[in-house]
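What follows is a set of notes on a single structure, which appears directly below.
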Amino acid sequence: MTWSDMSPLLWEATGQTAQMVAWSTLFTVLFGLPLGVALVATDRGGLFPAPVVRRVLGVVVNVGRSLPFIVLMIAVIPVTRMITGTTIGTGAAAVPLTIGAVPFFARLVETALRGVGRDVVQAAQAMGASRGTIVGKVLLPEALPGLIAALTVTVVTLISYSAMAGVIGGGGLGDLAVRYGYQRFETGLMIVTVVVLVVIVQAVQSLGDAVSHRLTRR
Amino acid sequence: MIKVSGLRKAYGSVVAVDGVDLHVREGEIFGVLGRSGAGKSTLLRCVNLLERPTEGSVTVGGQELTALGERELRRARQGIGMIHQHFALLSSRTVAGNVAFPLEIMGVPRDERARRVEELLDLVGLAGKAGAYPAQLSGGQKQRVGIARALAGRPSVLLSDEATSALDPGTTQSILALLKRLNRDFGLTILLITHEMDVIKSVCDSAAIMSEGRIEEAGRIADLLARPGSRLTEELFPLPPAEPGSVTITFTGTYSGRADEPVVSQVVRKFDVDVNILGGALEDVAGVSAGRLRVRLTGEESDAALRYLRDRGLLVEVASR
């Protein structure tokens with residue numbers, strides 16, 4: 001295979017990966033951030049103590065986290081059909097990717113929020129801040145560098161999960177490597193794909209680190 | 001200004017505050033002294049209900065906080081400032097942003113906020129630091145930000161939770177001087193807790209000693225010094241254990257005898273006694289000089305000499321033989 005053969009394949013696959021990761025990142029933040037806040041807030045001594053809710057959320061998150069992504073992807077096919085109307089393709093792949101990443105991201109958000117000092121939260125309470133204000137103006141801004149780091153790790157994880165999306169016809173770089181590099185013995189393409197993946201992951205991580213560092217005022 | 005009655009706070013079987021009554025008068029600085037674990041921090045946090053008391057009531061500025069619902073309690077808290085041992089500043093906000101925070105909570109409009117922040121930073125001597133982040137400040141500066149923030153809502157009461165415990169002695173004194181100035185200039189009532197005797201000595205009008213969840217002694221410092229066997233006096237002017245027959249003389253502002261009066265030499269001149277000084281301490285406390293002197297009197301006229309000292313208005317305690 002020559003470079004001119006590989007190039008269009010690579011561009012297409014990179015676009016598919018980008019699309020899957022972008023959509024699933026968006027929805028992961030949309031659902032995972034509130035879930036992470038809920039995990040912290042419903043804890044004993046939290047802003048909205050609710051031990052039963054907290055335990056249920058904990059179990060749900062752990063179940064999500066314990067399923068291997070490839071299994072989860074197959075298992076949620078009915079849900080995928082319900083949401084996207086189809087079970088194959090890039091759009092359909094975003095559904096299991098989101099479902100797989102939400103519990104992961106929520107746990108990271110939980111850890112980042114727990115890093116905010118109790119004394120800061122209590123100081124806000126002593127000023128008469130409502131619980132909503134404390135979440136919006138104390139917890140989230142104070143944890144922002146940690147949240148960006150959590151997001152970075154999640155995006156990298158999503159890139160890696162998306163490599164399995166080939167199973168349900170999502171395409172992407174991982175699928176390309178399996179179909180051409182492995183099944184057709186195109187070692188050259190395999191190597192190039194791996195290099196592209198490494199470069200993308202490295203870029204994402206560096207960007208995340210830089211933003212997180214810039215936001216750190218400690 | 002602050003009235004705490006029958007306050008009890010238990011965590012399961014651990015009782016942190018065990019039936020405390022406390023009365024802080026308007027415009028005074030009241031210090032609660034105690035070792036760590038004495039329950040003083042819990043007591044302070046019960047005053048603005050950061051901790052819900054298990055039993056008892058708390059009234060601040062005539063408003064019974066323990067009877068309020070959540071919304072009213074939040075409103076009431078906006079009128080009670082609080083400063084913290086480790087400052088509790090928002091690291092993601094500048095100095096100005098930190099001071100503006102309580103004003104945002106109160107819904108003060110933006111331009112009024114900016115004006116008030118400037119005023120407050122001026123007041124605490126941080127006019128040039130508005131744009132700095134807390135991490136760029138020294139401990140003393142951080143506490144000044146904490147004080148400016150606590151004053152943002154023009155509170156009538158300030159609660160201080162070991163506000164100087166993380167600071168070095170020089171900085172401690174400057175922060176205490178600032179608190180004293182705010183107390184004097186604005187009539188701000190301050191309730192502080194501390195384990196540092198120096199804090200009580202240099203700024204407090206009244207004090208309480210707390211141990212194992214109970215108040216052992218409370219009142220105006222001048223009154224406490226005049227009370228025989230006072231724990232506070234013991235803490236303020238530590239002397240070695242009294243030997244049998246030794247005499248402890250306490251000088252305070254409430255007595256006619258002043259600390260700088262040469263009573264000891266007068267006694268020696270007037271009576272046929274010898275005075276052997278065993279120990280002593282003298283300091284300015286609550287704005288008056290006060291002290292204790294431990295002596296041994298020997299000679300024919302010892303009893304007459306003691307009577308003379310008592311007549312001079314001094315507190316004279318003789319350790320029993």
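We name chains A, B, ... following the order of the structure tokens; residues begin at 1 in each chain, and ligands are numbered from 1 as shown.
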* Shell around segment 209-214 of chain A at 9 Å using only C-alpha atoms, local window under 5 positions removed, as a ChimeraX atom specification -> /A:144-149,152,204
* To do: Select all residues from chain B having any atom no more than 10 Å from an atom of chain A (counting only C-alpha atoms, ignoring ligands), output as a PyMOL selection string.
  => chain B and resi 45+48-50+70-94+101-106+133-136+146+149-150+152-153+159
* **Counting only C-alpha atoms, the residue of B:Cys46, B:Leu182, B:Val295, B:Leu65 that sits nearest Pro244 of chain B** =>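 Of all the options, B:Val295 lies closest to Pro244 of chain B.
Shell of Leu57 of chain A at 9 Å, with only C-alpha atoms counted and residues fewer than 3 places along the chain excluded, is Leu35, Ala38, Leu39, Val52, Val53, Arg54, Val60, Val61 and Asn62 of chain A.
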Any chance you could export the current selection's N, CA and C atoms as a JSON list (two decimals), in the first residue's frame?
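File result-v4.json, as written:
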[["chain", "number", "residue", "atom", "x", "y", "z"],
["A", 35, "LEU", "N", -23.72, 14.00, 37.79],
["A", 35, "LEU", "CA", -23.64, 12.76, 38.56],
["A", 35, "LEU", "C", -22.50, 12.83, 39.58],
["A", 38, "ALA", "N", -23.53, 15.00, 42.33],
["A", 38, "ALA", "CA", -24.51, 14.29, 43.17],
["A", 38, "ALA", "C", -23.81, 13.31, 44.10],
["A", 39, "LEU", "N", -22.78, 12.64, 43.59],
["A", 39, "LEU", "CA", -22.05, 11.67, 44.43],
["A", 39, "LEU", "C", -21.46, 12.36, 45.65],
["A", 52, "VAL", "N", -29.34, 6.97, 51.08],
["A", 52, "VAL", "CA", -29.92, 5.95, 50.22],
["A", 52, "VAL", "C", -29.64, 6.28, 48.76],
["A", 53, "VAL", "N", -29.89, 7.54, 48.38],
["A", 53, "VAL", "CA", -29.62, 7.98, 47.01],
["A", 53, "VAL", "C", -28.15, 7.77, 46.68],
["A", 54, "ARG", "N", -27.31, 8.15, 47.63],
["A", 54, "ARG", "CA", -25.87, 8.04, 47.44],
["A", 54, "ARG", "C", -25.48, 6.58, 47.17],
["A", 60, "VAL", "N", -24.87, 2.08, 40.80],
["A", 60, "VAL", "CA", -25.05, 2.28, 39.36],
["A", 60, "VAL", "C", -23.69, 2.59, 38.70],
["A", 61, "VAL", "N", -22.94, 3.49, 39.33],
["A", 61, "VAL", "CA", -21.64, 3.87, 38.79],
["A", 61, "VAL", "C", -20.70, 2.67, 38.77],
["A", 62, "ASN", "N", -20.71, 1.90, 39.83],
["A", 62, "ASN", "CA", -19.81, 0.74, 39.88],
["A", 62, "ASN", "C", -20.16, -0.31, 38.85]]
* Structure fact -> The residue from B:Val17, B:Ser5, B:Arg144, B:Pro241 with the smallest atom-to-atom distance to Ala177 of chain B, counting only C-alpha atoms, is B:Arg144
* **Nearest to Glu51 of chain B by atom-to-atom distance, counting only C-alpha atoms, from A:Met1, A:Gly45, A:Pro8, A:Val102** =>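 Nearest candidate to Glu51 of chain B out of A:Met1, A:Gly45, A:Pro8, A:Val102: A:Gly45.
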